[in-house]
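Have a look at run-v2.tsv below; it lists TSV, C-alpha atoms.
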chain	number	residue	atom	x	y	z
Q	1	MET	CA	17.12	21.96	0.52
Q	2	SER	CA	16.44	21.39	-3.18
Q	3	THR	CA	16.25	17.62	-2.64
Q	4	ASP	CA	13.65	18.12	0.11
Q	5	ILE	CA	11.61	20.39	-2.15
Q	6	GLN	CA	11.69	17.84	-4.98
Q	7	ARG	CA	10.67	15.05	-2.61
Q	8	SER	CA	7.82	17.16	-1.22
Q	9	SER	CA	6.63	18.06	-4.72
Q	10	ALA	CA	6.61	14.41	-5.79
Q	11	LEU	CA	4.67	13.46	-2.68
Q	12	ASP	CA	2.13	16.22	-3.30
Q	13	GLU	CA	1.67	14.98	-6.86
Q	14	GLU	CA	1.02	11.43	-5.67
Q	15	VAL	CA	-1.52	12.66	-3.12
Q	16	ALA	CA	-3.25	14.69	-5.83
Q	17	ARG	CA	-3.36	11.68	-8.17
Q	18	ALA	CA	-4.83	9.47	-5.46
Q	19	GLU	CA	-7.42	12.10	-4.57
Q	20	MET	CA	-8.46	12.50	-8.20
Q	21	TYR	CA	-8.89	8.75	-8.65
Q	22	GLY	CA	-10.92	8.67	-5.43
Q	23	LEU	CA	-13.18	11.53	-6.48
Q	24	LEU	CA	-13.85	10.07	-9.93
Q	25	ALA	CA	-14.59	6.68	-8.37
Q	26	THR	CA	-17.07	8.20	-5.94
Q	27	LEU	CA	-18.90	10.21	-8.60
Q	28	PHE	CA	-19.17	7.30	-11.03
Q	29	TYR	CA	-20.38	4.92	-8.33
Q	30	GLN	CA	-23.29	7.04	-7.14
Q	31	PRO	CA	-24.60	10.61	-7.35
Q	32	PRO	CA	-22.90	13.06	-4.98
Q	33	ASP	CA	-24.62	13.62	-1.65
Q	34	ALA	CA	-25.29	17.16	-0.42
Q	35	GLU	CA	-21.94	17.38	1.39
Q	36	LEU	CA	-19.84	16.30	-1.58
Q	37	LEU	CA	-21.81	18.50	-3.95
Q	38	ALA	CA	-21.24	21.49	-1.65
Q	39	GLN	CA	-17.51	20.76	-1.68
Q	40	LEU	CA	-17.51	20.63	-5.48
Q	41	GLN	CA	-19.47	23.86	-5.73
Q	42	ALA	CA	-16.95	25.62	-3.49
Q	43	ALA	CA	-13.88	24.11	-5.14
Q	44	VAL	CA	-11.03	26.22	-6.45
Q	45	THR	CA	-11.08	26.10	-10.25
Q	46	GLU	CA	-7.54	27.26	-11.04
Q	47	ALA	CA	-4.86	24.64	-11.55
Q	48	PRO	CA	-1.62	25.04	-9.55
Q	49	GLU	CA	0.14	25.73	-12.84
Q	50	GLN	CA	-1.68	28.17	-15.07
Q	51	GLY	CA	-3.04	26.48	-18.17
Q	52	GLY	CA	-2.64	22.99	-16.74
Q	53	PHE	CA	-4.12	20.27	-18.94
Q	54	LEU	CA	-6.83	19.41	-16.40
Q	55	GLU	CA	-7.75	22.99	-15.50
Q	56	GLU	CA	-10.45	23.53	-18.12
Q	57	PRO	CA	-12.31	20.20	-17.68
Q	58	TRP	CA	-12.11	20.68	-13.90
Q	59	ARG	CA	-13.50	24.21	-14.23
Q	60	GLU	CA	-16.37	22.93	-16.35
Q	61	LEU	CA	-17.21	20.18	-13.86
Q	62	VAL	CA	-17.30	22.67	-11.00
Q	63	ALA	CA	-19.48	25.00	-13.08
Q	64	ALA	CA	-21.90	22.14	-13.79
Q	65	ALA	CA	-22.02	21.30	-10.08
Q	66	ARG	CA	-22.76	24.93	-9.22
Q	67	GLY	CA	-25.63	25.01	-11.69
Q	68	MET	CA	-27.42	21.84	-10.53
Q	69	THR	CA	-29.05	20.49	-7.40
Q	70	ALA	CA	-28.19	17.14	-5.85
Q	71	GLN	CA	-31.62	15.89	-6.91
Q	72	ALA	CA	-31.08	16.91	-10.54
Q	73	ILE	CA	-27.69	15.18	-10.65
Q	74	ALA	CA	-29.17	12.05	-9.08
Q	75	GLN	CA	-31.92	12.01	-11.71
Q	76	GLU	CA	-29.32	12.36	-14.44
Q	77	TYR	CA	-27.24	9.54	-12.96
Q	78	ASN	CA	-30.23	7.20	-12.84
Q	79	ALA	CA	-31.31	8.15	-16.38
Q	80	LEU	CA	-27.86	7.39	-17.78
Q	81	PHE	CA	-26.60	4.47	-15.73
Q	82	GLY	CA	-29.53	3.07	-13.79
Q	83	GLY	CA	-32.97	1.73	-14.53
Q	84	VAL	CA	-34.22	-1.79	-15.04
Q	85	GLY	CA	-32.49	-3.81	-17.76
Q	86	LYS	CA	-30.06	-2.23	-20.21
Q	87	PRO	CA	-28.72	1.18	-19.10
Q	88	GLU	CA	-28.32	4.07	-21.50
Q	89	VAL	CA	-24.55	3.99	-20.93
Q	90	TYR	CA	-22.55	1.07	-19.54
Q	91	LEU	CA	-19.93	1.67	-16.84
Q	92	PHE	CA	-18.44	-1.83	-17.08
Q	93	GLY	CA	-15.16	-2.63	-18.79
Q	94	SER	CA	-16.30	-6.01	-20.11
Q	95	HIS	CA	-18.97	-4.32	-22.22
Q	96	TYR	CA	-16.37	-2.24	-24.06
Q	97	LEU	CA	-13.70	-4.93	-24.26
Q	98	SER	CA	-15.83	-7.88	-25.35
Q	99	GLY	CA	-19.30	-6.53	-26.10
Q	100	PHE	CA	-20.81	-8.51	-23.25
Q	101	LEU	CA	-20.93	-8.37	-19.46
Q	102	ASN	CA	-19.27	-10.95	-17.22
Q	103	GLU	CA	-16.93	-12.16	-19.94
Q	104	LYS	CA	-13.23	-13.09	-20.14
Q	105	PRO	CA	-11.95	-9.57	-19.24
Q	106	LEU	CA	-13.75	-9.83	-15.89
Q	107	VAL	CA	-12.15	-13.22	-15.19
Q	108	GLN	CA	-8.70	-11.81	-15.96
Q	109	LEU	CA	-9.39	-8.81	-13.75
Q	110	ARG	CA	-10.45	-11.01	-10.83
Q	111	ASP	CA	-7.27	-13.06	-11.17
Q	112	GLU	CA	-5.13	-9.93	-10.95
Q	113	LEU	CA	-7.13	-8.53	-8.04
Q	114	ALA	CA	-6.52	-11.78	-6.19
Q	115	GLU	CA	-2.79	-11.39	-6.82
Q	116	LEU	CA	-3.01	-7.90	-5.31
Q	117	GLY	CA	-4.85	-9.26	-2.28
Q	118	LEU	CA	-8.02	-7.37	-3.18
Q	119	ALA	CA	-11.61	-8.60	-3.30
Q	120	ARG	CA	-14.97	-7.02	-3.96
Q	121	ASP	CA	-17.07	-6.09	-0.93
Q	122	ALA	CA	-19.91	-8.61	-0.69
Q	123	GLN	CA	-22.36	-5.72	-0.26
Q	124	MET	CA	-21.35	-4.19	-3.59
Q	125	PRO	CA	-23.81	-5.44	-6.23
Q	126	GLU	CA	-21.72	-4.37	-9.21
Q	127	THR	CA	-19.01	-6.57	-10.69
Q	128	GLU	CA	-15.36	-5.61	-10.30
Q	129	ASP	CA	-15.08	-4.20	-13.83
Q	130	HIS	CA	-17.30	-1.25	-12.89
Q	131	VAL	CA	-15.28	1.88	-13.63
Q	132	ALA	CA	-15.67	3.12	-10.05
Q	133	TYR	CA	-14.14	-0.07	-8.67
Q	134	LEU	CA	-11.18	0.13	-11.05
Q	135	LEU	CA	-10.57	3.79	-10.25
Q	136	GLU	CA	-10.63	2.95	-6.56
Q	137	VAL	CA	-8.08	0.18	-7.11
Q	138	MET	CA	-5.82	2.74	-8.77
Q	139	ARG	CA	-6.24	5.04	-5.78
Q	140	TYR	CA	-5.20	2.18	-3.52
Q	141	LEU	CA	-2.15	1.34	-5.66
Q	142	ILE	CA	-1.01	4.95	-5.25
Q	143	ALA	CA	-1.91	5.61	-1.61
Q	144	GLY	CA	-1.80	2.16	0.01
Q	145	ASP	CA	0.80	1.16	2.57
Q	146	ASP	CA	1.79	-2.22	1.09
Q	147	VAL	CA	4.84	-1.28	-0.98
Q	148	ALA	CA	4.92	-4.73	-2.55
Q	149	VAL	CA	1.82	-3.84	-4.58
Q	150	CYS	CA	1.43	-0.08	-4.10
Q	151	ASN	CA	4.09	1.13	-6.50
Q	152	LEU	CA	4.42	2.69	-9.95
Q	153	THR	CA	5.06	-0.62	-11.69
Q	154	ARG	CA	1.80	-2.08	-10.42
Q	155	GLN	CA	-0.06	1.14	-11.17
Q	156	SER	CA	1.20	1.20	-14.75
Q	157	GLY	CA	0.39	-2.45	-15.38
Q	158	PHE	CA	-3.07	-2.33	-13.87
Q	159	PHE	CA	-3.94	0.88	-15.70
Q	160	SER	CA	-2.71	-0.39	-19.07
Q	161	ARG	CA	-4.60	-3.68	-18.78
Q	162	HIS	CA	-7.86	-2.71	-17.11
Q	163	LEU	CA	-8.59	0.99	-17.78
Q	164	GLN	CA	-6.62	2.37	-20.71
Q	165	PRO	CA	-8.11	0.04	-23.38
Q	166	TRP	CA	-11.69	1.21	-22.85
Q	167	VAL	CA	-12.18	4.14	-20.48
Q	168	SER	CA	-12.00	6.73	-23.28
Q	169	ARG	CA	-14.80	4.95	-25.17
Q	170	MET	CA	-16.94	5.01	-22.06
Q	171	CYS	CA	-16.26	8.71	-21.59
Q	172	GLN	CA	-17.15	9.41	-25.22
Q	173	ALA	CA	-20.41	7.50	-24.82
Q	174	VAL	CA	-21.33	9.57	-21.78
Q	175	MET	CA	-20.41	12.86	-23.44
Q	176	ALA	CA	-22.43	11.98	-26.55
Q	177	HIS	CA	-25.63	11.24	-24.63
Q	178	PRO	CA	-28.20	14.02	-25.01
Q	179	ARG	CA	-29.25	13.82	-21.35
Q	180	ALA	CA	-25.73	14.11	-19.99
Q	181	ALA	CA	-24.89	17.45	-18.37
Q	182	PHE	CA	-23.01	17.01	-15.10
Q	183	TYR	CA	-21.82	13.55	-16.15
Q	184	ALA	CA	-20.69	14.79	-19.54
Q	185	ARG	CA	-18.36	17.15	-17.68
Q	186	LEU	CA	-17.25	14.36	-15.37
Q	187	ALA	CA	-16.52	12.16	-18.38
Q	188	ALA	CA	-14.49	14.94	-20.02
Q	189	LEU	CA	-12.39	15.32	-16.87
Q	190	THR	CA	-11.96	11.56	-16.61
Q	191	GLU	CA	-10.80	11.29	-20.21
Q	192	ALA	CA	-8.33	14.15	-19.76
Q	193	PHE	CA	-7.00	12.66	-16.53
Q	194	ALA	CA	-6.63	9.22	-18.13
Q	195	SER	CA	-4.67	10.82	-20.96
Q	196	VAL	CA	-2.31	12.49	-18.47
Q	197	GLU	CA	-1.87	9.18	-16.65
Q	198	SER	CA	-1.17	7.34	-19.91
Q	199	GLN	CA	1.53	9.84	-20.85
Q	200	GLY	CA	3.06	9.61	-17.39
Q	201	PHE	CA	3.20	5.84	-17.48
Q	202	ASP	CA	4.64	5.91	-21.00
Q	203	LEU	CA	7.56	7.96	-19.68
Q	204	LEU	CA	8.37	5.15	-17.28
Q	205	GLY	CA	9.20	3.06	-20.32

Using the file provided, produce a representation of the structure as structure tokens.
Amino acid sequence: MSTDIQRSSALDEEVARAEMYGLLATLFYQPPDAELLAQLQAAVTEAPEQGGFLEEPWRELVAAARGMTAQAIAQEYNALFGGVGKPEVYLFGSHYLSGFLNEKPLVQLRDELAELGLARDAQMPETEDHVAYLLEVMRYLIAGDDVAVCNLTRQSGFFSRHLQPWVSRMCQAVMAHPRAAFYARLAALTEAFASVESQGFDLLG
């Protein structure tokens, strides 16, 4: 009985991790549509374990969602990350790792994605080092069916090479921007979640 409970708990944790990566990827790729925003507004704000590390940033994100319309969030997204030319805040790893877009970090990332059997959708205009793409790769490495690549070793390696070195700096840039409201809360949750993931991977040794 206890073994079954432990196995079920571990599975639930993996599902929760995959879902969090998926949600963060969706929200960083584009503003939430009315359906997703409604789900956020109705979300439970208490963590399963009282005082959980992610509870407060999650609560603040839900509160921000409840206080804004889909149109207001879309306007904020475009003001921060969109527009013609240089955005207010970059969402691309190469910018933080090398100071430029489409540089060596992107080449290295593409090589590893090829090893994993992954490729960017031709309809996706952004390069693969967009934070949403990387978060979605992590979701796949947790929830995918191919055990040869969807395992903790691959997750840890990909995270340490392609997210951990820069995602906190991106989150700090978002949180520091005076026009960031909803996305400041999203960035705070992302930074907290990345910290939890880093600690978890460190325990793997």

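Closest approach to Glu136 (chain Q) from the set Q:Phe159, Q:Trp58, Q:Trp166, Q:Tyr183 is made by Q:Phe159, with distances taken over all atoms listed in the file.
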
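Proximity to Leu141 (chain Q) was assessed for Q:Ser98, Q:Ser168, Q:Gln155, Q:Ser198 counting all atoms listed in the file; the smallest distance is recorded for Q:Gln155.
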
With only C-alpha atoms as the atoms that count, which of Q:Ala38, Q:Val107, Q:Ala25, Q:Ala18 lies nearest to Ser94 (chain Q)?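 Closest to Ser94 (chain Q) of all the choices is Q:Val107.
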
Interatomic distance (Å, one decimal) between CA of Thr127 (chain Q) and CA of Glu14 (chain Q):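 Computing it gives 27.4 Å between the two atoms.
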
What does the structure give for the distance between CA of Arg59 (chain Q) and CA of Ser195 (chain Q), in Å to one decimal? 17.4 Å

At what distance in Å, to one decimal, does CA of Glu19 (chain Q) lie from CA of His162 (chain Q)?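 Atom-to-atom, CA of His162 (chain Q) to CA of Glu19 (chain Q), that is 19.4 Å.
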
I'd like the contact shell of Leu37 (chain Q) - 10 Å cut-off, all atoms listed in the file, skipping same-chain residues fewer than 6 positions apart - returned as a list of chain:residue names.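 Surrounding residues, per the criterion: Q:Leu27, Q:Pro31, Q:Ala43, Q:Val62, Q:Ala65, Q:Arg66, Q:Met68, Q:Thr69, Q:Ala70, Q:Ile73.
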
For Glu128 (chain Q), which residue among Q:Ile142, Q:Val174, Q:Ala148, Q:Leu106 is the nearest when counting all atoms listed in the file?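 Once distances to Glu128 (chain Q) are computed over all atoms listed in the file, the minimum belongs to Q:Leu106.
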
For Ala173 (chain Q), please output as a PyMOL selection string all residues within 10 Å (counting only C-alpha atoms; exclusion window: fewer than 2 positions along the same chain). chain Q and resi 88-91+167-171+175-177+180+184+187

Nearest to Pro105 (chain Q) among Q:Leu163, Q:Val149, Q:Leu186, Q:Met124, with distances taken over all atoms listed in the file: which residue is it?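 Among the listed residues, Q:Leu163 lies closest to Pro105 (chain Q).
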
Since the input is missing atoms, can you rebuild all heavy atoms for region 170-181 of chain Q and write them as a PDB file, keeping the file's coordinate frame?
ATOM      1  N   MET Q 170     -15.853   4.781 -23.010  1.00  0.00           N
ATOM      2  CA  MET Q 170     -16.940   5.010 -22.060  1.00  0.00           C
ATOM      3  C   MET Q 170     -17.190   6.508 -21.896  1.00  0.00           C
ATOM      4  O   MET Q 170     -18.341   6.964 -21.916  1.00  0.00           O
ATOM      5  CB  MET Q 170     -16.591   4.396 -20.709  1.00  0.00           C
ATOM      6  CG  MET Q 170     -17.700   4.536 -19.666  1.00  0.00           C
ATOM      7  SD  MET Q 170     -17.082   4.512 -17.953  1.00  0.00           S
ATOM      8  CE  MET Q 170     -16.354   6.172 -17.827  1.00  0.00           C
ATOM      9  N   CYS Q 171     -16.115   7.266 -21.752  1.00  0.00           N
ATOM     10  CA  CYS Q 171     -16.260   8.710 -21.590  1.00  0.00           C
ATOM     11  C   CYS Q 171     -16.932   9.340 -22.808  1.00  0.00           C
ATOM     12  O   CYS Q 171     -17.799  10.215 -22.676  1.00  0.00           O
ATOM     13  CB  CYS Q 171     -14.898   9.345 -21.345  1.00  0.00           C
ATOM     14  SG  CYS Q 171     -14.161   8.945 -19.742  1.00  0.00           S
ATOM     15  N   GLN Q 172     -16.535   8.896 -23.993  1.00  0.00           N
ATOM     16  CA  GLN Q 172     -17.150   9.410 -25.220  1.00  0.00           C
ATOM     17  C   GLN Q 172     -18.629   9.081 -25.283  1.00  0.00           C
ATOM     18  O   GLN Q 172     -19.446   9.900 -25.722  1.00  0.00           O
ATOM     19  CB  GLN Q 172     -16.419   8.842 -26.437  1.00  0.00           C
ATOM     20  CG  GLN Q 172     -15.008   9.364 -26.635  1.00  0.00           C
ATOM     21  CD  GLN Q 172     -14.966  10.829 -27.017  1.00  0.00           C
ATOM     22  OE1 GLN Q 172     -15.882  11.346 -27.664  1.00  0.00           O
ATOM     23  NE2 GLN Q 172     -13.915  11.512 -26.606  1.00  0.00           N
ATOM     24  N   ALA Q 173     -18.995   7.886 -24.821  1.00  0.00           N
ATOM     25  CA  ALA Q 173     -20.410   7.500 -24.820  1.00  0.00           C
ATOM     26  C   ALA Q 173     -21.213   8.377 -23.867  1.00  0.00           C
ATOM     27  O   ALA Q 173     -22.346   8.780 -24.179  1.00  0.00           O
ATOM     28  CB  ALA Q 173     -20.544   6.025 -24.414  1.00  0.00           C
ATOM     29  N   VAL Q 174     -20.645   8.685 -22.726  1.00  0.00           N
ATOM     30  CA  VAL Q 174     -21.330   9.570 -21.780  1.00  0.00           C
ATOM     31  C   VAL Q 174     -21.478  10.962 -22.372  1.00  0.00           C
ATOM     32  O   VAL Q 174     -22.567  11.553 -22.354  1.00  0.00           O
ATOM     33  CB  VAL Q 174     -20.571   9.637 -20.438  1.00  0.00           C
ATOM     34  CG1 VAL Q 174     -21.232  10.646 -19.501  1.00  0.00           C
ATOM     35  CG2 VAL Q 174     -20.517   8.273 -19.769  1.00  0.00           C
ATOM     36  N   MET Q 175     -20.388  11.498 -22.911  1.00  0.00           N
ATOM     37  CA  MET Q 175     -20.410  12.860 -23.440  1.00  0.00           C
ATOM     38  C   MET Q 175     -21.374  13.009 -24.623  1.00  0.00           C
ATOM     39  O   MET Q 175     -21.932  14.083 -24.841  1.00  0.00           O
ATOM     40  CB  MET Q 175     -19.006  13.292 -23.843  1.00  0.00           C
ATOM     41  CG  MET Q 175     -18.090  13.557 -22.658  1.00  0.00           C
ATOM     42  SD  MET Q 175     -16.484  14.261 -23.128  1.00  0.00           S
ATOM     43  CE  MET Q 175     -15.627  12.807 -23.722  1.00  0.00           C
ATOM     44  N   ALA Q 176     -21.566  11.925 -25.369  1.00  0.00           N
ATOM     45  CA  ALA Q 176     -22.430  11.980 -26.550  1.00  0.00           C
ATOM     46  C   ALA Q 176     -23.908  11.863 -26.208  1.00  0.00           C
ATOM     47  O   ALA Q 176     -24.769  12.150 -27.050  1.00  0.00           O
ATOM     48  CB  ALA Q 176     -22.052  10.876 -27.527  1.00  0.00           C
ATOM     49  N   HIS Q 177     -24.223  11.456 -24.978  1.00  0.00           N
ATOM     50  CA  HIS Q 177     -25.630  11.240 -24.630  1.00  0.00           C
ATOM     51  C   HIS Q 177     -26.347  12.565 -24.455  1.00  0.00           C
ATOM     52  O   HIS Q 177     -25.855  13.456 -23.746  1.00  0.00           O
ATOM     53  CB  HIS Q 177     -25.741  10.406 -23.345  1.00  0.00           C
ATOM     54  CG  HIS Q 177     -27.085   9.801 -23.171  1.00  0.00           C
ATOM     55  ND1 HIS Q 177     -28.191  10.524 -22.767  1.00  0.00           N
ATOM     56  CD2 HIS Q 177     -27.535   8.524 -23.366  1.00  0.00           C
ATOM     57  CE1 HIS Q 177     -29.241   9.732 -22.698  1.00  0.00           C
ATOM     58  NE2 HIS Q 177     -28.865   8.514 -23.066  1.00  0.00           N
ATOM     59  N   PRO Q 178     -27.511  12.724 -25.065  1.00  0.00           N
ATOM     60  CA  PRO Q 178     -28.200  14.020 -25.010  1.00  0.00           C
ATOM     61  C   PRO Q 178     -28.664  14.428 -23.604  1.00  0.00           C
ATOM     62  O   PRO Q 178     -28.889  15.615 -23.362  1.00  0.00           O
ATOM     63  CB  PRO Q 178     -29.409  13.814 -25.939  1.00  0.00           C
ATOM     64  CG  PRO Q 178     -29.579  12.326 -26.045  1.00  0.00           C
ATOM     65  CD  PRO Q 178     -28.210  11.759 -25.924  1.00  0.00           C
ATOM     66  N   ARG Q 179     -28.789  13.488 -22.696  1.00  0.00           N
ATOM     67  CA  ARG Q 179     -29.250  13.820 -21.350  1.00  0.00           C
ATOM     68  C   ARG Q 179     -28.100  14.071 -20.379  1.00  0.00           C
ATOM     69  O   ARG Q 179     -28.329  14.368 -19.211  1.00  0.00           O
ATOM     70  CB  ARG Q 179     -30.154  12.712 -20.817  1.00  0.00           C
ATOM     71  CG  ARG Q 179     -31.449  12.541 -21.607  1.00  0.00           C
ATOM     72  CD  ARG Q 179     -32.413  11.598 -20.932  1.00  0.00           C
ATOM     73  NE  ARG Q 179     -32.883  12.105 -19.658  1.00  0.00           N
ATOM     74  CZ  ARG Q 179     -33.805  11.494 -18.903  1.00  0.00           C
ATOM     75  NH1 ARG Q 179     -34.321  10.342 -19.312  1.00  0.00           N
ATOM     76  NH2 ARG Q 179     -34.191  12.010 -17.751  1.00  0.00           N
ATOM     77  N   ALA Q 180     -26.889  13.938 -20.859  1.00  0.00           N
ATOM     78  CA  ALA Q 180     -25.730  14.110 -19.990  1.00  0.00           C
ATOM     79  C   ALA Q 180     -25.371  15.588 -19.864  1.00  0.00           C
ATOM     80  O   ALA Q 180     -25.149  16.260 -20.869  1.00  0.00           O
ATOM     81  CB  ALA Q 180     -24.540  13.321 -20.520  1.00  0.00           C
ATOM     82  N   ALA Q 181     -25.307  16.073 -18.652  1.00  0.00           N
ATOM     83  CA  ALA Q 181     -24.890  17.450 -18.370  1.00  0.00           C
ATOM     84  C   ALA Q 181     -23.735  17.394 -17.370  1.00  0.00           C
ATOM     85  O   ALA Q 181     -22.576  17.505 -17.752  1.00  0.00           O
ATOM     86  CB  ALA Q 181     -26.059  18.260 -17.824  1.00  0.00           C
TER      87      ALA Q 181
END
